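Peer 1: Quick one: the structure is below, and I'll ask about it shortly.
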Amino acid sequence: MRESPDLSKPEYDVLRVLWRAGQASVREVHDALTADTGWAYTTTKTVMDRMATKGLLAREGFHGVFVYRPLVSRPAGLARFVRFFADRVVERDLSVVLGLFRDSESLSAEELAELERLVADDADAAARKERS
């Protein structure tokens with residue numbers, strides 16, 4: 001199984017737009033992000049092109065415009081942030097941080113189950129790495 005990817009904040013921002021839209025052009029993603037990020041169009045394009053190269057996004061031509069779609073599920077993207085947040089920000093047990101998601105309605109039951117599985121897989125991989 002492929003390890004859930006490390007995501008930068010810009011990559012996560014792009015993915016959040018694409019998770020909502022399903023697929024979008026650079027212009028559509030840029031328009032959705034520009035108020036929060038202040039990015040130039042070229043910055044948005046560069047981030048998305050690098051994400052496609054890293055295997056985080058699929059890029060397909062459509063009537064002369066590239067359309068991007070996420071190759072990372074929302075729970076897989078969140079898994080890395082949850083682990084980082086639990087370990088380094090709040091320095092709490094992972095179950096406490098996952099409880100925040102259980103108590104909110106931001107994730108469906110299926111997404112929450114996938115998030116919990118991915119975080120557990122990450123923890124198992126980290127434990128194996130420490131032992132070797």
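FYI, nothing fancy with the structure tokens labels: chains A, B, ... in order, residues from 1 per chain, ligands from 1 as they appear.
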Neighbouring residues of Asp31 of chain A were defined as those with any atom within 12 Å, considering only C-alpha atoms; residues of the same chain fewer than 6 positions away were excluded. Please report them as a ChimeraX atom specification.
Peer 2: /A:14,17,24-25,37-41,44-45
Peer 1: Just to be explicit: take each residue in the selection above, keep C-alpha atoms, and write the result as a short mmCIF file (atom, residue, chain, number, x, y, z; two decimals), in the first residue's frame.
Peer 2:
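So the final result, stored in selection.cif, reads:
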data_model
loop_
_atom_site.label_atom_id
_atom_site.label_comp_id
_atom_site.auth_asym_id
_atom_site.auth_seq_id
_atom_site.Cartn_x
_atom_site.Cartn_y
_atom_site.Cartn_z
CA VAL A 14 -5.24 23.10 -3.79
CA VAL A 17 -10.61 23.05 -3.77
CA ALA A 24 -11.01 22.05 -12.16
CA SER A 25 -8.69 24.10 -14.32
CA THR A 37 -3.42 33.07 -0.57
CA GLY A 38 -2.71 36.18 -2.62
CA TRP A 39 -0.95 33.94 -5.15
CA ALA A 40 -0.22 35.02 -8.69
CA TYR A 41 -1.79 32.81 -11.35
CA THR A 44 -1.07 28.38 -8.66
CA LYS A 45 -0.05 26.78 -11.97
#
Peer 1: Excluding Ala79 of chain A and its own-chain neighbours fewer than 4 positions away, which residues fall within 7 Å of it when counting only C-alpha atoms? Please give them as a PyMOL selection string.
Peer 2: chain A and resi 75+83+115+118-119
Peer 1: Based on the selection just made, write C-alpha atoms of those residues as an mmCIF file, in the first residue's frame.
Peer 2:
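Below is the file that was written, result04.cif:
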data_model
loop_
_atom_site.group_PDB
_atom_site.id
_atom_site.type_symbol
_atom_site.label_atom_id
_atom_site.label_comp_id
_atom_site.auth_asym_id
_atom_site.auth_seq_id
_atom_site.Cartn_x
_atom_site.Cartn_y
_atom_site.Cartn_z
ATOM 1 C CA PRO A 75 -8.924 11.301 4.363
ATOM 2 C CA ARG A 83 -0.448 12.958 12.740
ATOM 3 C CA LEU A 115 -8.795 8.593 8.103
ATOM 4 C CA LEU A 118 -4.628 5.668 7.365
ATOM 5 C CA VAL A 119 -3.426 7.199 10.624
#
Peer 1: Hey, can you check how far atom CA of Thr34 of chain A sits from atom CA of Asp13 of chain A?
Peer 2: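 It comes out at 10.7 Å.
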Peer 1: Using only C-alpha atoms, which of the listed residues (A:Leu112, A:Ala32, A:Met51, A:Leu57) sits closest to Arg69 of chain A?
Peer 2: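 Looking at the shortest contact to Arg69 of chain A, the residue is A:Leu57.
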Peer 1: Which neighbours of Glu11 of chain A fall inside 9 Å, counting only C-alpha atoms, when residues of the same chain fewer than 6 positions from it are skipped, and could you give them as a list in words?
Peer 2: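 Everything that qualifies: Val47, Met48, Met51 and Leu56 of chain A.
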Peer 1: Calculated over only C-alpha atoms, which of the candidates A:Asp49, A:His63, A:Leu98, A:Tyr68 has the smallest distance to Glu116 of chain A?
Peer 2: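 Of A:Asp49, A:His63, A:Leu98, A:Tyr68, the one nearest Glu116 of chain A is A:Leu98, counting only C-alpha atoms.
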Peer 1: Have a look at atom CA of Ala120 of chain A and atom CA of Thr53 of chain A and let me know their distance in Å, one decimal.
Peer 2: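 Distance reported for this atom pair: 27.2 Å.
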Peer 1: At what distance in Å, to one decimal, does atom CA of Arg27 of chain A lie from atom CA of Gly61 of chain A?
Peer 2: 14.0 Å
Peer 1: Go through A:Gly55, A:Val29, A:Leu107, A:Val65 and flag the residue nearest Thr43 of chain A, using only C-alpha atoms for the distances.
Peer 2: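 Looking only at the distances to Thr43 of chain A, the closest residue turns out to be A:Val29.
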Peer 1: For Lys9 of chain A, which residue out of A:Ala113, A:Ala58, A:Arg102, A:Phe81 is the nearest one, using only C-alpha atoms?
Peer 2: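 Among the listed residues, the smallest separation from Lys9 of chain A belongs to A:Phe81.
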Peer 1: Could you give me, as a PyMOL selection string, each residue of segment 25-66 of chain A that DSSP assigns to strand (DSSP E) when run on this structure's backbone?
Peer 2: chain A and resi 25+57-62+65-66
Peer 1: Write to file, as an mmCIF file, in the first residue's frame, the residues of the selection just made, with C-alpha atoms.
Peer 2:
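again27.cif, freshly written:
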data_model
loop_
_atom_site.group_PDB
_atom_site.id
_atom_site.type_symbol
_atom_site.label_atom_id
_atom_site.label_comp_id
_atom_site.auth_asym_id
_atom_site.auth_seq_id
_atom_site.Cartn_x
_atom_site.Cartn_y
_atom_site.Cartn_z
ATOM 1 C CA SER A 25 -8.686 24.104 -14.324
ATOM 2 C CA LEU A 57 -3.101 15.236 -9.200
ATOM 3 C CA ALA A 58 -4.132 13.867 -12.589
ATOM 4 C CA ARG A 59 -3.923 16.313 -15.495
ATOM 5 C CA GLU A 60 -5.940 15.855 -18.671
ATOM 6 C CA GLY A 61 -6.357 18.108 -21.678
ATOM 7 C CA PHE A 62 -9.903 19.247 -22.375
ATOM 8 C CA VAL A 65 -7.216 23.569 -21.229
ATOM 9 C CA PHE A 66 -5.718 21.259 -18.642
#
Peer 1: Go through A:Val26, A:Ala109, A:Val72, A:Ala21 and flag the residue nearest Leu7 of chain A, using only C-alpha atoms for the distances.
Peer 2: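 Smallest distance to Leu7 of chain A is found for A:Val72.
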